[in-house]
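Student: final-v4.tsv is the file, holding TSV, N, CA and C atoms:
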chain	number	residue	atom	x	y	z
A	157	MET	N	28.23	-68.13	-86.66
A	157	MET	CA	28.53	-68.67	-85.33
A	157	MET	C	29.41	-67.66	-84.59
A	158	PRO	N	29.03	-67.32	-83.35
A	158	PRO	CA	29.82	-66.32	-82.62
A	158	PRO	C	31.21	-66.87	-82.24
A	159	ARG	N	32.12	-65.92	-82.06
A	159	ARG	CA	33.48	-66.29	-81.72
A	159	ARG	C	33.54	-66.73	-80.25
A	160	ALA	N	34.08	-67.91	-79.98
A	160	ALA	CA	34.19	-68.41	-78.60
A	160	ALA	C	35.56	-68.02	-78.05
A	161	THR	N	35.56	-67.43	-76.87
A	161	THR	CA	36.83	-67.05	-76.23
A	161	THR	C	37.03	-67.91	-74.99
A	162	ASN	N	38.16	-67.75	-74.41
A	162	ASN	CA	38.47	-68.50	-73.19
A	162	ASN	C	38.25	-67.62	-71.95
A	163	GLY	N	37.43	-66.57	-72.12
A	163	GLY	CA	37.22	-65.59	-71.06
A	163	GLY	C	36.77	-66.16	-69.73
A	164	PRO	N	35.71	-66.96	-69.72
A	164	PRO	CA	35.25	-67.49	-68.42
A	164	PRO	C	36.31	-68.34	-67.70
A	165	ALA	N	37.02	-69.16	-68.46
A	165	ALA	CA	38.05	-70.00	-67.83
A	165	ALA	C	39.20	-69.15	-67.32
A	166	SER	N	39.59	-68.12	-68.08
A	166	SER	CA	40.69	-67.24	-67.65
A	166	SER	C	40.30	-66.50	-66.38
A	167	ARG	N	39.06	-65.99	-66.36
A	167	ARG	CA	38.60	-65.26	-65.17
A	167	ARG	C	38.57	-66.17	-63.95
A	168	ARG	N	38.10	-67.41	-64.14
A	168	ARG	CA	38.06	-68.37	-63.04
A	168	ARG	C	39.47	-68.65	-62.52
A	169	ARG	N	40.41	-68.82	-63.46
A	169	ARG	CA	41.79	-69.08	-63.08
A	169	ARG	C	42.38	-67.91	-62.28
A	170	ARG	N	42.10	-66.68	-62.76
A	170	ARG	CA	42.61	-65.49	-62.05
A	170	ARG	C	41.97	-65.36	-60.68
A	171	ASN	N	40.67	-65.58	-60.63
A	171	ASN	CA	39.98	-65.45	-59.33
A	171	ASN	C	40.46	-66.50	-58.33
A	172	ASN	N	40.72	-67.71	-58.82
A	172	ASN	CA	41.22	-68.75	-57.91
A	172	ASN	C	42.56	-68.35	-57.33
A	173	ARG	N	43.43	-67.80	-58.18
A	173	ARG	CA	44.76	-67.39	-57.71
A	173	ARG	C	44.64	-66.24	-56.72
A	174	LEU	N	43.73	-65.29	-57.00
A	174	LEU	CA	43.54	-64.16	-56.07
A	174	LEU	C	42.94	-64.63	-54.75
A	175	LYS	N	42.11	-65.67	-54.79
A	175	LYS	CA	41.57	-66.22	-53.54
A	175	LYS	C	42.68	-66.82	-52.69
A	176	LEU	N	43.65	-67.48	-53.36
A	176	LEU	CA	44.78	-68.04	-52.61
A	176	LEU	C	45.63	-66.94	-51.98
A	177	ALA	N	45.63	-65.75	-52.58
A	177	ALA	CA	46.43	-64.63	-52.08
A	177	ALA	C	45.67	-63.79	-51.06
A	178	LYS	N	44.47	-64.20	-50.71
A	178	LYS	CA	43.67	-63.44	-49.75
A	178	LYS	C	44.41	-63.37	-48.42
A	179	GLY	N	44.48	-62.19	-47.85
A	179	GLY	CA	45.19	-62.02	-46.59
A	179	GLY	C	46.61	-61.53	-46.78
A	180	PHE	N	47.12	-61.58	-48.02
A	180	PHE	CA	48.44	-61.01	-48.28
A	180	PHE	C	48.30	-59.50	-48.26
A	181	ARG	N	49.42	-58.81	-48.11
A	181	ARG	CA	49.39	-57.37	-47.91
A	181	ARG	C	49.57	-56.62	-49.23
A	182	GLY	N	48.78	-55.56	-49.40
A	182	GLY	CA	48.96	-54.65	-50.53
A	182	GLY	C	48.64	-55.28	-51.87
A	183	ALA	N	49.48	-54.96	-52.87
A	183	ALA	CA	49.24	-55.41	-54.24
A	183	ALA	C	49.32	-56.93	-54.36
A	184	ARG	N	50.01	-57.58	-53.42
A	184	ARG	CA	50.17	-59.04	-53.47
A	184	ARG	C	48.82	-59.76	-53.36
A	185	SER	N	47.80	-59.07	-52.89
A	185	SER	CA	46.48	-59.70	-52.83
A	185	SER	C	45.51	-59.12	-53.85
A	186	LYS	N	45.94	-58.08	-54.60
A	186	LYS	CA	45.03	-57.40	-55.52
A	186	LYS	C	45.39	-57.59	-56.99
A	187	LEU	N	46.67	-57.57	-57.31
A	187	LEU	CA	47.11	-57.62	-58.70
A	187	LEU	C	47.52	-59.04	-59.06
A	188	PHE	N	47.07	-59.50	-60.22
A	188	PHE	CA	47.22	-60.91	-60.56
A	188	PHE	C	48.67	-61.35	-60.61
A	189	ARG	N	49.53	-60.61	-61.29
A	189	ARG	CA	50.92	-61.07	-61.44
A	189	ARG	C	51.62	-61.13	-60.08
A	190	GLN	N	51.45	-60.09	-59.29
A	190	GLN	CA	52.10	-60.08	-57.98
A	190	GLN	C	51.50	-61.15	-57.07
A	191	ALA	N	50.19	-61.35	-57.18
A	191	ALA	CA	49.55	-62.40	-56.38
A	191	ALA	C	50.08	-63.77	-56.78
A	192	THR	N	50.27	-63.98	-58.08
A	192	THR	CA	50.77	-65.26	-58.58
A	192	THR	C	52.16	-65.54	-58.03
A	193	GLU	N	53.03	-64.53	-58.08
A	193	GLU	CA	54.39	-64.71	-57.58
A	193	GLU	C	54.39	-64.97	-56.07
A	194	ALA	N	53.55	-64.22	-55.36
A	194	ALA	CA	53.49	-64.39	-53.90
A	194	ALA	C	52.95	-65.77	-53.52
A	195	VAL	N	51.92	-66.22	-54.22
A	195	VAL	CA	51.32	-67.52	-53.92
A	195	VAL	C	52.30	-68.64	-54.25
A	196	ASP	N	52.98	-68.52	-55.41
A	196	ASP	CA	53.96	-69.55	-55.77
A	196	ASP	C	55.05	-69.67	-54.70
A	197	ARG	N	55.54	-68.53	-54.27
A	197	ARG	CA	56.59	-68.55	-53.24
A	197	ARG	C	56.05	-69.10	-51.92
A	198	ALA	N	54.85	-68.69	-51.56
A	198	ALA	CA	54.25	-69.15	-50.30
A	198	ALA	C	54.07	-70.67	-50.32
A	199	GLN	N	53.63	-71.21	-51.45
A	199	GLN	CA	53.42	-72.65	-51.52
A	199	GLN	C	54.75	-73.40	-51.50
A	200	ALA	N	55.78	-72.83	-52.14
A	200	ALA	CA	57.10	-73.45	-52.11
A	200	ALA	C	57.65	-73.46	-50.69
A	201	MET	N	57.50	-72.34	-49.99
A	201	MET	CA	58.01	-72.25	-48.62
A	201	MET	C	57.22	-73.17	-47.68
A	202	ALA	N	55.92	-73.30	-47.93
A	202	ALA	CA	55.10	-74.19	-47.10
A	202	ALA	C	55.59	-75.62	-47.24
A	203	TYR	N	55.95	-76.02	-48.46
A	203	TYR	CA	56.45	-77.38	-48.70
A	203	TYR	C	57.77	-77.58	-47.96
A	204	VAL	N	58.68	-76.62	-48.11
A	204	VAL	CA	60.00	-76.72	-47.46
A	204	VAL	C	59.84	-76.75	-45.94
A	205	HIS	N	59.00	-75.88	-45.41
A	205	HIS	CA	58.90	-75.74	-43.96
A	205	HIS	C	58.17	-76.91	-43.31
A	206	ARG	N	57.37	-77.65	-44.09
A	206	ARG	CA	56.81	-78.89	-43.53
A	206	ARG	C	57.94	-79.88	-43.24
A	207	LYS	N	58.99	-79.87	-44.06
A	207	LYS	CA	60.14	-80.75	-43.81
A	207	LYS	C	60.97	-80.23	-42.64
A	208	VAL	N	61.15	-78.91	-42.58
A	208	VAL	CA	61.97	-78.29	-41.53
A	208	VAL	C	61.32	-78.52	-40.17
A	209	LYS	N	59.99	-78.50	-40.14
A	209	LYS	CA	59.25	-78.71	-38.89
A	209	LYS	C	59.61	-80.06	-38.25
A	210	LYS	N	59.74	-81.08	-39.08
A	210	LYS	CA	60.08	-82.41	-38.57
A	210	LYS	C	61.47	-82.40	-37.96
A	211	ARG	N	62.41	-81.71	-38.63
A	211	ARG	CA	63.78	-81.61	-38.09
A	211	ARG	C	63.78	-80.86	-36.77
A	212	SER	N	62.98	-79.79	-36.70
A	212	SER	CA	62.94	-78.97	-35.49
A	212	SER	C	62.42	-79.78	-34.30
A	213	PHE	N	61.37	-80.55	-34.54
A	213	PHE	CA	60.82	-81.36	-33.45
A	213	PHE	C	61.80	-82.42	-32.99
A	214	ARG	N	62.51	-83.04	-33.94
A	214	ARG	CA	63.50	-84.05	-33.55
A	214	ARG	C	64.57	-83.42	-32.67
A	215	ARG	N	65.04	-82.22	-33.03
A	215	ARG	CA	66.04	-81.52	-32.22
A	215	ARG	C	65.50	-81.25	-30.82
A	216	LEU	N	64.24	-80.84	-30.72
A	216	LEU	CA	63.62	-80.58	-29.42
A	216	LEU	C	63.59	-81.84	-28.56
A	217	TRP	N	63.18	-82.96	-29.18
A	217	TRP	CA	63.11	-84.22	-28.42
A	217	TRP	C	64.49	-84.63	-27.92
A	218	ILE	N	65.50	-84.44	-28.76
A	218	ILE	CA	66.86	-84.82	-28.36
A	218	ILE	C	67.32	-83.96	-27.20
A	219	VAL	N	67.03	-82.66	-27.23
A	219	VAL	CA	67.41	-81.77	-26.13
A	219	VAL	C	66.74	-82.22	-24.83
A	220	ARG	N	65.46	-82.57	-24.92
A	220	ARG	CA	64.73	-83.00	-23.72
A	220	ARG	C	65.28	-84.31	-23.17
A	221	VAL	N	65.54	-85.26	-24.05
A	221	VAL	CA	66.06	-86.56	-23.61
A	221	VAL	C	67.46	-86.37	-23.00
A	222	ASN	N	68.27	-85.53	-23.62
A	222	ASN	CA	69.61	-85.26	-23.11
A	222	ASN	C	69.55	-84.68	-21.70
A	223	ALA	N	68.64	-83.71	-21.47
A	223	ALA	CA	68.50	-83.11	-20.15
A	223	ALA	C	68.10	-84.16	-19.12
A	224	ALA	N	67.16	-85.02	-19.49
A	224	ALA	CA	66.71	-86.06	-18.56
A	224	ALA	C	67.81	-87.07	-18.30
A	225	CYS	N	68.59	-87.39	-19.33
A	225	CYS	CA	69.70	-88.34	-19.17
A	225	CYS	C	70.73	-87.80	-18.19
A	226	ARG	N	71.08	-86.54	-18.36
A	226	ARG	CA	72.10	-85.94	-17.51
A	226	ARG	C	71.65	-85.87	-16.06
A	227	MET	N	70.33	-85.73	-15.84
A	227	MET	CA	69.81	-85.77	-14.47
A	227	MET	C	69.98	-87.17	-13.88
A	228	ASN	N	70.09	-88.18	-14.76
A	228	ASN	CA	70.28	-89.56	-14.30
A	228	ASN	C	71.73	-90.01	-14.43
A	229	GLY	N	72.63	-89.07	-14.69
A	229	GLY	CA	74.05	-89.38	-14.66
A	229	GLY	C	74.60	-90.10	-15.88
A	230	ILE	N	74.08	-89.84	-17.05
A	230	ILE	CA	74.58	-90.46	-18.28
A	230	ILE	C	74.45	-89.45	-19.41
A	231	SER	N	75.34	-89.50	-20.37
A	231	SER	CA	75.24	-88.59	-21.51
A	231	SER	C	74.23	-89.14	-22.52
A	232	TYR	N	73.77	-88.28	-23.39
A	232	TYR	CA	72.77	-88.66	-24.39
A	232	TYR	C	73.31	-89.76	-25.31
A	233	SER	N	74.54	-89.56	-25.79
A	233	SER	CA	75.08	-90.52	-26.77
A	233	SER	C	75.27	-91.90	-26.14
A	234	ARG	N	75.74	-91.94	-24.90
A	234	ARG	CA	75.88	-93.24	-24.22
A	234	ARG	C	74.52	-93.88	-23.96
A	235	PHE	N	73.53	-93.03	-23.65
A	235	PHE	CA	72.17	-93.53	-23.41
A	235	PHE	C	71.60	-94.17	-24.67
A	236	ILE	N	71.74	-93.48	-25.81
A	236	ILE	CA	71.21	-94.01	-27.08
A	236	ILE	C	71.93	-95.30	-27.45
A	237	ASP	N	73.25	-95.32	-27.24
A	237	ASP	CA	74.02	-96.54	-27.49
A	237	ASP	C	73.54	-97.68	-26.59
A	238	GLY	N	73.31	-97.36	-25.32
A	238	GLY	CA	72.82	-98.37	-24.39
A	238	GLY	C	71.44	-98.87	-24.75
A	239	CYS	N	70.59	-97.98	-25.22
A	239	CYS	CA	69.24	-98.39	-25.65
A	239	CYS	C	69.33	-99.35	-26.82
A	240	ALA	N	70.23	-99.07	-27.76
A	240	ALA	CA	70.37	-99.94	-28.92
A	240	ALA	C	70.87	-101.31	-28.48
A	241	LYS	N	71.85	-101.35	-27.58
A	241	LYS	CA	72.41	-102.62	-27.12
A	241	LYS	C	71.42	-103.39	-26.25
A	242	ALA	N	70.58	-102.66	-25.50
A	242	ALA	CA	69.59	-103.31	-24.64
A	242	ALA	C	68.31	-103.65	-25.40
A	243	ASP	N	68.30	-103.36	-26.70
A	243	ASP	CA	67.15	-103.63	-27.56
A	243	ASP	C	65.90	-102.90	-27.08
A	244	ILE	N	66.09	-101.64	-26.69
A	244	ILE	CA	64.97	-100.77	-26.30
A	244	ILE	C	64.60	-99.97	-27.55
A	245	ASN	N	63.49	-100.30	-28.17
A	245	ASN	CA	63.11	-99.70	-29.45
A	245	ASN	C	62.07	-98.59	-29.25
A	246	LEU	N	62.48	-97.55	-28.55
A	246	LEU	CA	61.63	-96.38	-28.38
A	246	LEU	C	62.22	-95.24	-29.18
A	247	ASN	N	61.38	-94.54	-29.94
A	247	ASN	CA	61.91	-93.41	-30.70
A	247	ASN	C	62.09	-92.20	-29.79
A	248	ARG	N	62.74	-91.18	-30.31
A	248	ARG	CA	63.09	-90.03	-29.48
A	248	ARG	C	61.87	-89.27	-28.99
A	249	LYS	N	60.81	-89.28	-29.79
A	249	LYS	CA	59.58	-88.62	-29.36
A	249	LYS	C	59.00	-89.29	-28.12
A	250	MET	N	58.95	-90.61	-28.14
A	250	MET	CA	58.39	-91.34	-27.00
A	250	MET	C	59.31	-91.23	-25.77
A	251	LEU	N	60.62	-91.28	-26.01
A	251	LEU	CA	61.56	-91.11	-24.89
A	251	LEU	C	61.36	-89.74	-24.25
A	252	SER	N	61.16	-88.73	-25.08
A	252	SER	CA	60.94	-87.38	-24.58
A	252	SER	C	59.65	-87.30	-23.74
A	253	GLU	N	58.60	-87.91	-24.24
A	253	GLU	CA	57.32	-87.90	-23.51
A	253	GLU	C	57.46	-88.64	-22.17
A	254	ILE	N	58.14	-89.77	-22.19
A	254	ILE	CA	58.35	-90.52	-20.95
A	254	ILE	C	59.16	-89.69	-19.96
A	255	ALA	N	60.21	-89.04	-20.45
A	255	ALA	CA	61.05	-88.22	-19.57
A	255	ALA	C	60.26	-87.10	-18.92
A	256	ILE	N	59.31	-86.53	-19.63
A	256	ILE	CA	58.52	-85.42	-19.09
A	256	ILE	C	57.44	-85.91	-18.14
A	257	HIS	N	56.67	-86.91	-18.56
A	257	HIS	CA	55.47	-87.30	-17.83
A	257	HIS	C	55.67	-88.44	-16.83
A	258	ASP	N	56.76	-89.20	-16.98
A	258	ASP	CA	57.00	-90.33	-16.09
A	258	ASP	C	58.50	-90.44	-15.78
A	259	PRO	N	59.01	-89.52	-14.96
A	259	PRO	CA	60.45	-89.53	-14.67
A	259	PRO	C	60.93	-90.85	-14.06
A	260	ALA	N	60.09	-91.47	-13.24
A	260	ALA	CA	60.49	-92.75	-12.62
A	260	ALA	C	60.65	-93.83	-13.69
A	261	GLY	N	59.73	-93.87	-14.63
A	261	GLY	CA	59.82	-94.83	-15.73
A	261	GLY	C	61.03	-94.57	-16.60
A	262	PHE	N	61.34	-93.30	-16.83
A	262	PHE	CA	62.52	-92.95	-17.63
A	262	PHE	C	63.78	-93.39	-16.92
A	263	THR	N	63.80	-93.25	-15.60
A	263	THR	CA	64.97	-93.69	-14.82
A	263	THR	C	65.20	-95.18	-15.01
A	264	LYS	N	64.12	-95.97	-15.07
A	264	LYS	CA	64.26	-97.41	-15.30
A	264	LYS	C	64.85	-97.71	-16.67
A	265	VAL	N	64.41	-96.92	-17.67
A	265	VAL	CA	64.96	-97.08	-19.02
A	265	VAL	C	66.44	-96.74	-19.01
A	266	VAL	N	66.80	-95.68	-18.31
A	266	VAL	CA	68.21	-95.27	-18.22
A	266	VAL	C	69.03	-96.35	-17.54
A	267	GLU	N	68.51	-96.94	-16.49
A	267	GLU	CA	69.24	-97.99	-15.77
A	267	GLU	C	69.48	-99.20	-16.69
A	268	ALA	N	68.47	-99.56	-17.47
A	268	ALA	CA	68.63	-100.68	-18.41
A	268	ALA	C	69.68	-100.35	-19.46
A	269	ALA	N	69.71	-99.10	-19.93
A	269	ALA	CA	70.71	-98.69	-20.92
A	269	ALA	C	72.10	-98.66	-20.30
A	270	LYS	N	72.19	-98.16	-19.06
A	270	LYS	CA	73.49	-98.08	-18.37
A	270	LYS	C	74.08	-99.48	-18.18
A	271	ALA	N	73.23	-100.43	-17.88
A	271	ALA	CA	73.71	-101.80	-17.64
A	271	ALA	C	74.37	-102.38	-18.88
A	272	LYS	N	73.89	-102.01	-20.05
A	272	LYS	CA	74.44	-102.55	-21.29
A	272	LYS	C	75.69	-101.79	-21.77
A	273	VAL	N	75.81	-100.53	-21.37
A	273	VAL	CA	76.93	-99.71	-21.82
A	273	VAL	C	78.18	-100.01	-21.01
A	274	CYS	N	78.04	-100.08	-19.71
A	274	CYS	CA	79.23	-100.23	-18.82
A	274	CYS	C	79.69	-101.66	-18.71
Could you quickly redo this structure as structure tokens?

Tutor:
Amino acid sequence: MPRATNGPASRRRRNNRLKLAKGFRGARSKLFRQATEAVDRAQAMAYVHRKVKKRSFRRLWIVRVNAACRMNGISYSRFIDGCAKADINLNRKMLSEIAIHDPAGFTKVVEAAKAKVC
């Protein structure tokens, strides 16, 4: 009986890893060990940066809402406090969209929040 090796599976495993490294520069896309290290790091960073992306967008929405609030004569923190007291359950993303696309509607939200704060 001939000796069975794990050659086909090993080659498939190496080729899959090199396919993931396609587009990397230099040896990182050609040599297995360097490709493995590069792919591992890339996948780890992709996981981390998916979380960072959410934080970045939240910061952007807060900046936009703050700018719109100040145009209506109230600070961001007082506005958020007023929204909570007035039972306005809009998240920061929606508040940001309203501030951009419907300034008149945002002014009404600000007035409702102001009424509860003062």

Student: When distances are computed from only C-alpha atoms, which of A:Val219, A:Ile236, A:Ala224, A:Ile230 shows the smallest separation from A:Ile254?

Tutor: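 Closest to A:Ile254 of all the choices is A:Ala224.
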
Student: So which one's closest to A:Asp243, A:Ser185, A:Arg169, A:Ala269, A:Val208? Using all atoms listed in the file, please.

Tutor: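 Under the stated criterion, the closest residue is A:Ala269.
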
Student: Between A:Glu193, A:Glu253, A:Glu267, A:Asp258, which is the closest to A:Phe235 once you count only C-alpha atoms?

Tutor: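 Between A:Glu193, A:Glu253, A:Glu267, A:Asp258, the residue approaching A:Phe235 most closely is A:Glu267.
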
Student: As JSON, numbers by chain, please: all residues of chain A that backbone DSSP puts in helix (DSSP H, G or I).

Tutor: {"A": [163, 164, 165, 166, 167, 168, 169, 170, 171, 172, 173, 174, 175, 176, 182, 183, 184, 185, 188, 189, 190, 191, 192, 193, 194, 195, 196, 197, 198, 199, 200, 201, 202, 203, 204, 205, 206, 207, 208, 209, 210, 211, 212, 213, 214, 215, 216, 217, 218, 219, 220, 221, 222, 223, 224, 225, 226, 227, 232, 233, 234, 235, 236, 237, 238, 239, 240, 241, 248, 249, 250, 251, 252, 253, 254, 255, 256, 257, 259, 260, 261, 262, 263, 264, 265, 266, 267, 268, 269, 270, 271, 272, 273]}

Student: Measuring atom to atom with only N, CA and C atoms, identify which of A:Asp237, A:Val266, A:Val204, A:Ala191 is nearest to A:Lys178.

Tutor: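 When distances to A:Lys178 are compared using only N, CA and C atoms, the smallest one comes from A:Ala191.
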
Student: At a cut-off of 12 Å, using only C-alpha atoms, what residues contact A:Phe262? Leave out same-chain residues fewer than 5 positions from it and give the result as a ChimeraX atom specification.

Tutor: /A:220-228,235,239,244,246,250-257,267-269

Student: If I take atom N of A:Lys241 and atom C of A:Val273, how far is one from the other in Å, to one decimal?

Tutor: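 Distance between the two atoms: 9.2 Å.
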
Student: Please indicate the distance in Å from atom CA of A:Thr161 to atom CA of A:Phe188, rounded to one decimal place.

Tutor: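 Atom CA of A:Phe188 lies at a distance of 19.8 Å from atom CA of A:Thr161.
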
Student: Tell me which protein, DNA and RNA residues are within 12 Å of stretch 172-175 of chain A, counting only C-alpha atoms, leaving out same-chain ones fewer than 3 positions away, and put them as an NGL selection string.

Tutor: :A and (165-169 or 178-180 or 183-196 or 199)

Student: Go ahead and compute the interatomic distance for atom CA of A:Lys270 and atom N of A:Arg215, in Å to one decimal.

Tutor: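 Distance between the two atoms: 23.2 Å.
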